[in-house]
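J.: There's a structure below that I have some questions on.
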Amino acid sequence: MKKTILRKYANLIAKCGVNVQEGQEVFITAGLDQPEFVQMVVEECYKLGASRVVVDWDYQPLQKTQYKYESLETLGSLTAYQKARWEHYLEKIPCRIYIESDDPDGLKGIDQDKMLKAQQMHYPLIKGYRDALENKYQWCIAAAPGAAWAKKLFPELTKKQAIEKLWEAILSTSRVTDDPVAAWEAHNANLQKHCAYLNSLGIEKLHYTAANGTDFTVGMIPEAEFKGGGDTSLQGIFFNPNIPTEECFISPMRGAAEGKVVSTMPLSREGQLIENFWIRFENGKAVEWHAEKNEQLLTNIITADEGAAYLGECALVPYNSPIRESGLLFYNTLFDENAACHLALGHGFPDTIRGFEEKTLEECRSLGVNDSMVHVDFMIGCASLNIDAITKDGQTVPVFRNGTWAF
Ligand code: ZN
């Protein structure tokens, strides 16, 4: 891919993505696949005034080796230097950038049970830090092609051609045009227009139906509102958490979901794919589920902790979004969640509560925002999906017809 275009993309991540402030620190997590590109992102952060940029390199085979040889006690613990790092985050409030390039099947063969148990031991040790940092810092997830990921999408091409093709797909869906910053401003305005309309309806619940058997109702939190595109941190800094993004999302009322949802795309999780699955909810809780492939992995998600069986997100994405229109299945949630309506099990977003800035995290959660160590999106959008909003004054307003906006 041409360096001039990659430079624009790197600038987009640093400027629109996390919006690095003068003197701020930046922590980047990235795979080993595109080191030259990561270096460009680092440079763009410095150019915007970053005082320090730290890169943590990630390598799936290494992760597999660690899970194989380390004991559960080691994997589930928190060392003094890891604690010091969390304390550093709390003190400095750095930006966080994640550049994804992983192989969707890269952790195949890992001991799933050990992984879940280690996460269950580790999470309570970091939960206090995570809660204390919630909504305080700017973060951004973006992507760069890895060879294995590219070959998964384009198996018929050579490695080099496949990587180039995946670059093209990432850059076009991420709106890396001649002037990406302007393109993102226009895109954000459009998403906010859709959210404003949804928020004006006074929605009490949403009812989903589709030809594949989805028949599902989810309740809204009266104080919550739909959000889309950019977000503002508690420090008052505007940033774009996902590049790309096409969704209008909200945190639904914990405990208010009934019926069955049928997935319409495989779910990539922990380097493996869960395929052809459905989940049935009662009183907001997943009570029954089935997957044709990797059902154990789905069970591990839903039973990870108490909140994992409840919903944390409900997102509306038209079936004709640019990502859907690309015709590609990316096997990566950052992209696939922007190709179809989706729900997420687990952690909800306290910042979807109106006036969350003046509320404590506990107050937001007591209104009905779910809390969990996991947040896992799964796609339920398809060409036959209809969604009706049932409003507070008892009206039924069509929101989606045949997979796309009804208004
Ligand atoms: Zn989402």
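Each chain of the structure tokens is named A, B, ... in the order shown, its residues numbered from 1; ligands are numbered from 1 in display order.
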Do you know which residues are at most 12 Å from Val376 in chain A counting only C-alpha atoms, after dropping those on the same chain fewer than 4 positions away, and could you put them as a PyMOL selection string?
T.: chain A and resi 267-270+274+297-298+300-302+304+307-314+332-334+337+342-348+372
J.: Find the residues around Leu191 in chain A up to 8 Å (only C-alpha atoms counted), leave out those fewer than 6 positions away in its own chain, and share them as a list in words.
T.: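 Non-adjacent residues within range: Gly228, Gly229, Glu246, Glu247 and Cys248 of chain A.
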J.: Using only C-alpha atoms, which protein or nucleic acid residues come within 9 Å of Leu90 in chain A? Drop anything in the same chain fewer than 4 positions from it, and give the result as a PyMOL selection string.
T.: chain A and resi 85-86+94+129+132-133
J.: Could the residues in this selection be saved with C-alpha atoms as a PDB file, in the first residue's frame?
T.:
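Okay, this is what ended up in part.pdb:
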ATOM      1  CA  ARG A  85       1.228   0.139  35.328  1.00  0.00           C
ATOM      2  CA  TRP A  86      -2.501   0.418  36.159  1.00  0.00           C
ATOM      3  CA  PRO A  94      -2.992   8.178  28.670  1.00  0.00           C
ATOM      4  CA  TYR A 129      -8.709   0.118  38.044  1.00  0.00           C
ATOM      5  CA  ALA A 132     -11.853   4.085  38.028  1.00  0.00           C
ATOM      6  CA  LEU A 133     -10.769   4.676  34.407  1.00  0.00           C
TER       7      LEU A 133
END
J.: I need the residues of range 148-206 of chain A that end up classed as alpha helix (DSSP H) by DSSP on the backbone, written out as a ChimeraX atom specification.
T.: /A:148-153,159-173,180-200
J.: Can you list, as an MDAnalysis selection string, all residues belonging to range 160-263 of chain A that DSSP tags as strand (DSSP E)?
T.: chainID A and resid 203:209 215:220 227:228 231:232 238:239 248:250 252:262
J.: For Asn386 in chain A, please output as a list in words all residues within 8 Å (counting only C-alpha atoms; exclusion window: fewer than 2 positions along the same chain).
T.: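 The contact residues come out as Tyr208, Thr209, Ala210, Ser384, Asp388, Pro398, Val399, Phe400, Arg401, Asn402 and Gly403 of chain A.
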J.: I need the residues from that last selection saved to file as a PDB file, in the first residue's frame (with C-alpha atoms), if you can.
T.:
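Writing the result to result28.pdb gives the following:
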ATOM      1  CA  TYR A 208     -37.170  -7.592  16.384  1.00  0.00           C
ATOM      2  CA  THR A 209     -38.476 -10.156  13.896  1.00  0.00           C
ATOM      3  CA  ALA A 210     -36.776 -11.893  10.960  1.00  0.00           C
ATOM      4  CA  SER A 384     -35.452  -9.673   6.392  1.00  0.00           C
ATOM      5  CA  ASP A 388     -40.547  -1.820  15.693  1.00  0.00           C
ATOM      6  CA  PRO A 398     -41.262   1.177  12.420  1.00  0.00           C
ATOM      7  CA  VAL A 399     -37.500   1.653  12.919  1.00  0.00           C
ATOM      8  CA  PHE A 400     -36.147  -0.997  10.534  1.00  0.00           C
ATOM      9  CA  ARG A 401     -37.801  -2.574   7.496  1.00  0.00           C
ATOM     10  CA  ASN A 402     -36.102  -5.296   5.436  1.00  0.00           C
ATOM     11  CA  GLY A 403     -32.790  -4.832   7.153  1.00  0.00           C
TER      12      GLY A 403
END
J.: Looking at A:Ser233, A:Thr214, A:Gln82, A:Gln66, which one is nearest to Tyr137 in chain A, with distances taken over only C-alpha atoms?
T.: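 Among the listed residues, the smallest separation from Tyr137 in chain A belongs to A:Ser233.
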J.: For a quick check of understanding, using only C-alpha atoms, which of A:Lys151, A:Arg365, A:Lys2, A:Arg254 has the smallest distance to Glu168 in chain A?
T.: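 Among the listed residues, the smallest separation from Glu168 in chain A belongs to A:Lys2.
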J.: Can you pull out the residues contacting range 99-115 of chain A? Cut-off 7 Å, using only C-alpha atoms, and skip same-chain residues under 5 positions away; I want them as a list of chain:residue names.
T.: A:Thr29, A:Ala30, A:Gly31, A:Asp33, A:Gln60, A:Lys64, A:Leu72, A:Ile141, A:Ala142, A:Ala143, A:Ala144, A:Pro145, A:Gly146, A:Ala148, A:Trp149, A:Ser268, A:Glu270, A:Gly271, A:Gln272, A:Tyr331, A:Asn332
J.: Interatomic distance between CA of Ala118 in chain A and CA of Leu78 in chain A?
T.: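 Distance reported for this atom pair: 11.0 Å.
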